[in-house]
4 protein chains.
Amino acid sequence: MVSFGHLIFYCGRHMSVYIQQLRQQLFALHSNKFFEFTVIAIIVFSALVTGVKTYEINTTLDSLVHILDSAITLFFLFEVTIRIIAEPKTRDFFKNGWNVFDFVIVLASLVPLDGNETVLLARLLRIFRVLRLVSVIPELRILINSLLKALPRMGYIVLLMFIIFYIYAAIGSFVFETINPSLWANISIAMLTLFRISTFEDWTDIMYETMEVYPLSWLFYISFIFLTAFVFLNMMIGVILDVMQREQKQYELERDDNEADEVHTIKQDIDHVKAKLDTLEALLRQSMVNKS
Amino acid sequence: MVSFGHLIFYCGRHMSVYIQQLRQQLFALHSNKFFEFTVIAIIVFSALVTGVKTYEINTTLDSLVHILDSAITLFFLFEVTIRIIAEPKTRDFFKNGWNVFDFVIVLASLVPLDGNETVLLARLLRIFRVLRLVSVIPELRILINSLLKALPRMGYIVLLMFIIFYIYAAIGSFVFETINPSLWANISIAMLTLFRISTFEDWTDIMYETMEVYPLSWLFYISFIFLTAFVFLNMMIGVILDVMQREQKQYELERDDNEADEVHTIKQDIDHVKAKLDTLEALLRQSMVNKS
Amino acid sequence: MVSFGHLIFYCGRHMSVYIQQLRQQLFALHSNKFFEFTVIAIIVFSALVTGVKTYEINTTLDSLVHILDSAITLFFLFEVTIRIIAEPKTRDFFKNGWNVFDFVIVLASLVPLDGNETVLLARLLRIFRVLRLVSVIPELRILINSLLKALPRMGYIVLLMFIIFYIYAAIGSFVFETINPSLWANISIAMLTLFRISTFEDWTDIMYETMEVYPLSWLFYISFIFLTAFVFLNMMIGVILDVMQREQKQYELERDDNEADEVHTIKQDIDHVKAKLDTLEALLRQSMVNKS
Amino acid sequence: MVSFGHLIFYCGRHMSVYIQQLRQQLFALHSNKFFEFTVIAIIVFSALVTGVKTYEINTTLDSLVHILDSAITLFFLFEVTIRIIAEPKTRDFFKNGWNVFDFVIVLASLVPLDGNETVLLARLLRIFRVLRLVSVIPELRILINSLLKALPRMGYIVLLMFIIFYIYAAIGSFVFETINPSLWANISIAMLTLFRISTFEDWTDIMYETMEVYPLSWLFYISFIFLTAFVFLNMMIGVILDVMQREQKQYELERDDNEADEVHTIKQDIDHVKAKLDTLEALLRQSMVNKS
């Protein structure tokens, strides 16, 4: 007699086999070139739909866009679900940063477009679906990874830049506050003003204004521009050299390995020659001993 | 009796000989240094005539310019015809991209200057004759080819840049549309505005305007400027490194070949030494055997 | 009986032992990771207090800031005193540039905040306490040192740039003075105007103004922009190449040393082989002599 | 009796000896460190006098400046004369470009300051005396020489840039002339406008103006900015790579020479070993022949 426990066991086994088959089929589907292309096409299409929404459109088109949007959301949900199921262990899916990135973007675009209050938020979140292009196209993923690698190298330079901005902003807001509060009211507004000066955007208007009260205030601006330009230039040069050196060293290491191999062979050969000569000398001495 | 067929045959043969002679003469003319110089001079002259046309000129000069223009058009037609005939196989002429480029430019400048409606078009098309300088001067042709080679390397960076612009433009046109429709009405106008911001052209005016409604909107602008500057900087560095590595590798390959040659000779010499030593050992052992 | 002299001697010895112990304890405290972190935290906190002072704040907060400021000043004084005492020889403390830098900043922030006249000065001097971050964090110190190293390389380029600016400013103030005295009144104002032009800040407004009087004055501006851009570009390239070459040479020197070592070993081996062969020849000749 | 001819001969000989002595003394003076420093100091002083003249000054100071100016002019004339006389052959003096440069500047500043009409010209010419700093300080001379070396490399890029500007200027002046004649009246004004656009100076104002008539004219501006930026970027990269390669090749050549020397020594040693082995073999064979 088959107990209830057996039944569950068999069902479970049957289920697990079924799931495994499904998993393999889904993985095959997911790895399919055509499916990949479809995903990219739908991401681009989704971006275009987002773009269309920014134009003033009549009601018919608007409702069409609405339906399309729901369809795209469903497709993305479907695609992410497939990828999660296709993964042998669900945990592994979330170990990959790009998968988490995809999952969050798809989840975020589930916020409904209907509620009056959340319309803007829902629309904004849907825009980020374009970012899925980065996670889908491998070349872009490599590019982003290499850009992220460049970040830490810039860390201390950015800190130095921040210190320079902070000091100049503090000086500026102490000294120039009464001249133009909209530019120098407090340290945060002054930092924004300094960022504007560092992009050369109408910076002379700001300077001429303060020079009427403090004729020497051009020193403040010119020294700030020189300092930031100098630090920025050095950062750029530093990053270029840093990347170049790493690549150079890696390349030379490979070459040196080859050269080292060849030199090693030559050394071994010469050791061989030396051993041979020792043998010859021994033989010769022996022959002389024999003779005498 | 000579049939009509024979006549045609002889004529054809005579013709083909004649054409071949003409072809050789034209090829000689075309390869002639003086002719090349004349072509360059006339292209430059044609550019000057185009330039003169942009000034307000009296009727006498205008008609002179008109005649000159026709003469230049005829000369260019004549020159391209010569080059087509001079080519042994007419198809080969169109296989070269620069020839097609020349042919299209010359053909385009055949649009008559008289018809009232097409005057502007005809004038615009005549401007592009200056571009023939590129196809005629070999150094410029090499330069353009090397510029075109740099394009694909920039491809994915441009795509990434476009994604960044698209997302910011979508956000901008959703959020700032009501503040200033002339800058943020829809996604395409917003992208133009963002391009303007990326060139730092009066970008603070745009920022201050939106900061009155959304005081934190400076985050939008500053993050955008940092992102684009960072990606652009990395693109530049990437392209520099890319070109440098290729040149470096090619150079080192050549050098390595030379070194490899020398090391190879040393190895052969040592092998020779080892063989010699083996012979010596054999001889010595033989002499000892003989003795005993 | 113990004389007074003995007493002083013992006291002095006791004192010197006590001071030495204190010195070691202070040195231990100063080198303590936790103490270092506290110093950094208090510098950052001091910067934040400086920042808060730029905002309009009520009286309660203002007096709190005042107390905090005094506390920070005392802490910094305490920390520098510790470091001076901890140093075995007080002179050595002032031999290190960064220590002098710290000492001056701490001393400068002792100017009291109360006196009405010196309030602004005292506030400004307190801002520079943020700079202590640079002397406390080793990575920033290294960065600044490497930036200072880049300065002399730029020296002659800066001199050349100054000569260009001086000549153009002299010409500008002679020729354009009557057109707009606020831009070209004398050579120093003209140099400021030229610096503005070199940052492309509304430079066409200046040009269009003078072109109304001197239609060819665009030559002045365009040539100036080209010259400065060209010299600046070359400076940048020069600095990049300069840094790169030094690093490259240092790297290759190290590698060459290794290679030279290997080649040297091979040479020694071959010398060994040659000596051996000489021995063999001698032996062989001797055996032949013996035989005959 | 001494004839008149003899007298002239002796006088001539006496004179030539005297001139030679003077020449040597002048050369010694000219090469003197202190004299060199005096020349530099007077050039800098002359620049300061030029600078003072741009300020509004009272009559006393003005006449003082006038006297100083004459003194400086006389000193420069004196210095150049010395250098011409000190040169063994006067022709050699003018063979050096920097000498000619000095001579022309000194000559040009001889135009008197008094004549009302030539005052401006005389003043302008006196400004260029600052340039003598370049010819006097050797480091600046080297710098200028290396800058001049960079020019030809940029030649074809500048030509290409000019072609791009010419075509866009021609299109612009044909199409936009009626919209704003002050910007697009003819090809030369249009090229100035395009240069302004390439410096991003209020370029959007120009664009928005034409977009009211031709809504698609943004294509004209964006494509122009991209083209010029792309070509400029490539020029910069090209120049960097060009300089770097030359330096790299020169450096590697030197290194390769050293390596080649070492490898050559090893080869010679091995040849020596081979010869020795041949001798040994011959000896051994001989000994065997002798024995049998």
# chains A, B, ... in the order shown; residues from 1 in each chain; ligands from 1
call {"tool": "calpha_fit_rmsd", "arguments": {"fixed": "chain A", "moving": "chain B"}}
result
0.3 Å
call {"tool": "interface_residues", "arguments": {"of": "chain A", "to": "chain C", "cutoff": "9 Å", "atoms": "only C-alpha atoms", "output": "PyMOL selection string"}}
result
chain A and resi 156-157+159-160+163-164+166-171+173-175+177+185-188+200-204+218+222+230-231+233-234+237-238+240-241+245+260+263+266-267+270-271+273-274+277-278+280-281+284-285+287-288+291-292
call {"tool": "residues_around", "arguments": {"residues": "segment 69-81 of chain B", "least_positions_apart": "4", "cutoff": "10 Å", "atoms": "only C-alpha atoms", "output": "number ranges by chain"}}
result
B: 26, 30, 35, 39, 42-43, 45-46, 49-50, 63-65, 85-86, 99, 102-103, 105-107, 109-110, 112-113, 126, 129
call {"tool": "closest_residue", "arguments": {"among": "C:Ile19, C:Ile206, C:Val158, C:Ile142", "to": "Pro181 of chain C", "atoms": "only C-alpha atoms"}}
result
C:Ile206
call {"tool": "atom_distance", "arguments": {"atom1": "atom CA of Ser198 of chain A", "atom2": "atom CA of Met191 of chain D"}}
result
28.4 Å
call {"tool": "decode", "arguments": {"residues": "segment 203-247 of chain C", "atoms": "N, CA and C atoms", "output": "PDB file, in the first residue's frame"}}
result
ATOM      1  N   TRP C 203      33.839  86.791 -24.774  1.00  0.00           N
ATOM      2  CA  TRP C 203      34.941  87.462 -25.469  1.00  0.00           C
ATOM      3  C   TRP C 203      34.482  88.138 -26.750  1.00  0.00           C
ATOM      4  N   THR C 204      33.410  87.615 -27.381  1.00  0.00           N
ATOM      5  CA  THR C 204      32.946  88.245 -28.625  1.00  0.00           C
ATOM      6  C   THR C 204      32.360  89.627 -28.367  1.00  0.00           C
ATOM      7  N   ASP C 205      31.749  89.830 -27.177  1.00  0.00           N
ATOM      8  CA  ASP C 205      31.228  91.167 -26.852  1.00  0.00           C
ATOM      9  C   ASP C 205      32.365  92.179 -26.895  1.00  0.00           C
ATOM     10  N   ILE C 206      33.508  91.802 -26.299  1.00  0.00           N
ATOM     11  CA  ILE C 206      34.680  92.694 -26.291  1.00  0.00           C
ATOM     12  C   ILE C 206      35.160  92.940 -27.716  1.00  0.00           C
ATOM     13  N   MET C 207      35.190  91.840 -28.523  1.00  0.00           N
ATOM     14  CA  MET C 207      35.691  91.950 -29.888  1.00  0.00           C
ATOM     15  C   MET C 207      34.778  92.830 -30.746  1.00  0.00           C
ATOM     16  N   TYR C 208      33.452  92.555 -30.719  1.00  0.00           N
ATOM     17  CA  TYR C 208      32.527  93.322 -31.558  1.00  0.00           C
ATOM     18  C   TYR C 208      32.624  94.814 -31.237  1.00  0.00           C
ATOM     19  N   GLU C 209      32.860  95.134 -29.944  1.00  0.00           N
ATOM     20  CA  GLU C 209      32.961  96.531 -29.515  1.00  0.00           C
ATOM     21  C   GLU C 209      34.135  97.236 -30.192  1.00  0.00           C
ATOM     22  N   THR C 210      35.297  96.564 -30.210  1.00  0.00           N
ATOM     23  CA  THR C 210      36.469  97.216 -30.816  1.00  0.00           C
ATOM     24  C   THR C 210      36.425  97.138 -32.337  1.00  0.00           C
ATOM     25  N   MET C 211      35.708  96.114 -32.879  1.00  0.00           N
ATOM     26  CA  MET C 211      35.639  95.990 -34.342  1.00  0.00           C
ATOM     27  C   MET C 211      34.846  97.127 -34.971  1.00  0.00           C
ATOM     28  N   GLU C 212      33.997  97.790 -34.177  1.00  0.00           N
ATOM     29  CA  GLU C 212      33.267  98.942 -34.715  1.00  0.00           C
ATOM     30  C   GLU C 212      34.230 100.087 -35.029  1.00  0.00           C
ATOM     31  N   VAL C 213      35.305 100.228 -34.235  1.00  0.00           N
ATOM     32  CA  VAL C 213      36.292 101.280 -34.484  1.00  0.00           C
ATOM     33  C   VAL C 213      37.400 100.753 -35.398  1.00  0.00           C
ATOM     34  N   TYR C 214      37.972  99.606 -35.037  1.00  0.00           N
ATOM     35  CA  TYR C 214      39.018  98.997 -35.873  1.00  0.00           C
ATOM     36  C   TYR C 214      38.483  97.685 -36.452  1.00  0.00           C
ATOM     37  N   PRO C 215      37.991  97.698 -37.700  1.00  0.00           N
ATOM     38  CA  PRO C 215      37.349  96.480 -38.253  1.00  0.00           C
ATOM     39  C   PRO C 215      38.285  95.261 -38.286  1.00  0.00           C
ATOM     40  N   LEU C 216      39.591  95.515 -38.267  1.00  0.00           N
ATOM     41  CA  LEU C 216      40.517  94.379 -38.359  1.00  0.00           C
ATOM     42  C   LEU C 216      40.958  93.867 -36.979  1.00  0.00           C
ATOM     43  N   SER C 217      40.353  94.430 -35.907  1.00  0.00           N
ATOM     44  CA  SER C 217      40.831  94.052 -34.574  1.00  0.00           C
ATOM     45  C   SER C 217      40.538  92.589 -34.232  1.00  0.00           C
ATOM     46  N   TRP C 218      39.720  91.894 -35.043  1.00  0.00           N
ATOM     47  CA  TRP C 218      39.506  90.453 -34.789  1.00  0.00           C
ATOM     48  C   TRP C 218      40.831  89.705 -34.886  1.00  0.00           C
ATOM     49  N   LEU C 219      41.750  90.236 -35.700  1.00  0.00           N
ATOM     50  CA  LEU C 219      43.076  89.611 -35.814  1.00  0.00           C
ATOM     51  C   LEU C 219      43.770  89.562 -34.449  1.00  0.00           C
ATOM     52  N   PHE C 220      43.621  90.647 -33.669  1.00  0.00           N
ATOM     53  CA  PHE C 220      44.195  90.728 -32.333  1.00  0.00           C
ATOM     54  C   PHE C 220      43.672  89.600 -31.455  1.00  0.00           C
ATOM     55  N   TYR C 221      42.350  89.393 -31.478  1.00  0.00           N
ATOM     56  CA  TYR C 221      41.733  88.403 -30.591  1.00  0.00           C
ATOM     57  C   TYR C 221      42.022  86.968 -31.049  1.00  0.00           C
ATOM     58  N   ILE C 222      41.824  86.733 -32.343  1.00  0.00           N
ATOM     59  CA  ILE C 222      42.011  85.370 -32.864  1.00  0.00           C
ATOM     60  C   ILE C 222      43.464  84.940 -32.677  1.00  0.00           C
ATOM     61  N   SER C 223      44.411  85.846 -33.007  1.00  0.00           N
ATOM     62  CA  SER C 223      45.819  85.477 -32.856  1.00  0.00           C
ATOM     63  C   SER C 223      46.147  85.212 -31.383  1.00  0.00           C
ATOM     64  N   PHE C 224      45.575  86.038 -30.485  1.00  0.00           N
ATOM     65  CA  PHE C 224      45.814  85.820 -29.053  1.00  0.00           C
ATOM     66  C   PHE C 224      45.279  84.459 -28.599  1.00  0.00           C
ATOM     67  N   ILE C 225      44.044  84.136 -29.010  1.00  0.00           N
ATOM     68  CA  ILE C 225      43.445  82.849 -28.614  1.00  0.00           C
ATOM     69  C   ILE C 225      44.274  81.694 -29.153  1.00  0.00           C
ATOM     70  N   PHE C 226      44.692  81.786 -30.424  1.00  0.00           N
ATOM     71  CA  PHE C 226      45.475  80.700 -31.017  1.00  0.00           C
ATOM     72  C   PHE C 226      46.807  80.527 -30.284  1.00  0.00           C
ATOM     73  N   LEU C 227      47.499  81.657 -30.036  1.00  0.00           N
ATOM     74  CA  LEU C 227      48.801  81.594 -29.367  1.00  0.00           C
ATOM     75  C   LEU C 227      48.693  80.953 -27.987  1.00  0.00           C
ATOM     76  N   THR C 228      47.745  81.451 -27.177  1.00  0.00           N
ATOM     77  CA  THR C 228      47.627  80.912 -25.816  1.00  0.00           C
ATOM     78  C   THR C 228      47.200  79.450 -25.842  1.00  0.00           C
ATOM     79  N   ALA C 229      46.241  79.127 -26.743  1.00  0.00           N
ATOM     80  CA  ALA C 229      45.783  77.736 -26.825  1.00  0.00           C
ATOM     81  C   ALA C 229      46.938  76.830 -27.235  1.00  0.00           C
ATOM     82  N   PHE C 230      47.728  77.290 -28.212  1.00  0.00           N
ATOM     83  CA  PHE C 230      48.839  76.501 -28.732  1.00  0.00           C
ATOM     84  C   PHE C 230      49.898  76.285 -27.653  1.00  0.00           C
ATOM     85  N   VAL C 231      50.264  77.376 -26.950  1.00  0.00           N
ATOM     86  CA  VAL C 231      51.273  77.250 -25.896  1.00  0.00           C
ATOM     87  C   VAL C 231      50.750  76.380 -24.754  1.00  0.00           C
ATOM     88  N   PHE C 232      49.453  76.561 -24.398  1.00  0.00           N
ATOM     89  CA  PHE C 232      48.872  75.766 -23.315  1.00  0.00           C
ATOM     90  C   PHE C 232      48.862  74.278 -23.678  1.00  0.00           C
ATOM     91  N   LEU C 233      48.452  73.997 -24.932  1.00  0.00           N
ATOM     92  CA  LEU C 233      48.415  72.612 -25.410  1.00  0.00           C
ATOM     93  C   LEU C 233      49.790  71.983 -25.306  1.00  0.00           C
ATOM     94  N   ASN C 234      50.815  72.750 -25.748  1.00  0.00           N
ATOM     95  CA  ASN C 234      52.170  72.224 -25.715  1.00  0.00           C
ATOM     96  C   ASN C 234      52.667  72.018 -24.294  1.00  0.00           C
ATOM     97  N   MET C 235      52.245  72.911 -23.387  1.00  0.00           N
ATOM     98  CA  MET C 235      52.622  72.743 -21.992  1.00  0.00           C
ATOM     99  C   MET C 235      52.064  71.430 -21.464  1.00  0.00           C
ATOM    100  N   MET C 236      50.761  71.207 -21.736  1.00  0.00           N
ATOM    101  CA  MET C 236      50.130  69.994 -21.249  1.00  0.00           C
ATOM    102  C   MET C 236      50.837  68.748 -21.780  1.00  0.00           C
ATOM    103  N   ILE C 237      51.070  68.752 -23.105  1.00  0.00           N
ATOM    104  CA  ILE C 237      51.745  67.611 -23.724  1.00  0.00           C
ATOM    105  C   ILE C 237      53.128  67.439 -23.103  1.00  0.00           C
ATOM    106  N   GLY C 238      53.828  68.578 -22.937  1.00  0.00           N
ATOM    107  CA  GLY C 238      55.166  68.534 -22.369  1.00  0.00           C
ATOM    108  C   GLY C 238      55.180  67.908 -20.988  1.00  0.00           C
ATOM    109  N   VAL C 239      54.238  68.339 -20.138  1.00  0.00           N
ATOM    110  CA  VAL C 239      54.203  67.818 -18.775  1.00  0.00           C
ATOM    111  C   VAL C 239      53.895  66.320 -18.790  1.00  0.00           C
ATOM    112  N   ILE C 240      52.909  65.923 -19.611  1.00  0.00           N
ATOM    113  CA  ILE C 240      52.557  64.497 -19.707  1.00  0.00           C
ATOM    114  C   ILE C 240      53.786  63.692 -20.103  1.00  0.00           C
ATOM    115  N   LEU C 241      54.466  64.146 -21.174  1.00  0.00           N
ATOM    116  CA  LEU C 241      55.628  63.408 -21.683  1.00  0.00           C
ATOM    117  C   LEU C 241      56.735  63.359 -20.635  1.00  0.00           C
ATOM    118  N   ASP C 242      56.938  64.506 -19.962  1.00  0.00           N
ATOM    119  CA  ASP C 242      57.992  64.611 -18.972  1.00  0.00           C
ATOM    120  C   ASP C 242      57.806  63.577 -17.858  1.00  0.00           C
ATOM    121  N   VAL C 243      56.602  63.571 -17.281  1.00  0.00           N
ATOM    122  CA  VAL C 243      56.300  62.620 -16.207  1.00  0.00           C
ATOM    123  C   VAL C 243      56.471  61.189 -16.721  1.00  0.00           C
ATOM    124  N   MET C 244      55.915  60.940 -17.914  1.00  0.00           N
ATOM    125  CA  MET C 244      55.940  59.588 -18.459  1.00  0.00           C
ATOM    126  C   MET C 244      57.343  59.076 -18.673  1.00  0.00           C
ATOM    127  N   GLN C 245      58.187  59.951 -19.244  1.00  0.00           N
ATOM    128  CA  GLN C 245      59.555  59.542 -19.524  1.00  0.00           C
ATOM    129  C   GLN C 245      60.301  59.164 -18.258  1.00  0.00           C
ATOM    130  N   ARG C 246      60.159  60.028 -17.216  1.00  0.00           N
ATOM    131  CA  ARG C 246      60.850  59.733 -15.970  1.00  0.00           C
ATOM    132  C   ARG C 246      60.441  58.375 -15.427  1.00  0.00           C
ATOM    133  N   GLU C 247      59.110  58.131 -15.412  1.00  0.00           N
ATOM    134  CA  GLU C 247      58.615  56.860 -14.884  1.00  0.00           C
ATOM    135  C   GLU C 247      59.123  55.693 -15.739  1.00  0.00           C
TER     136      GLU C 247
END
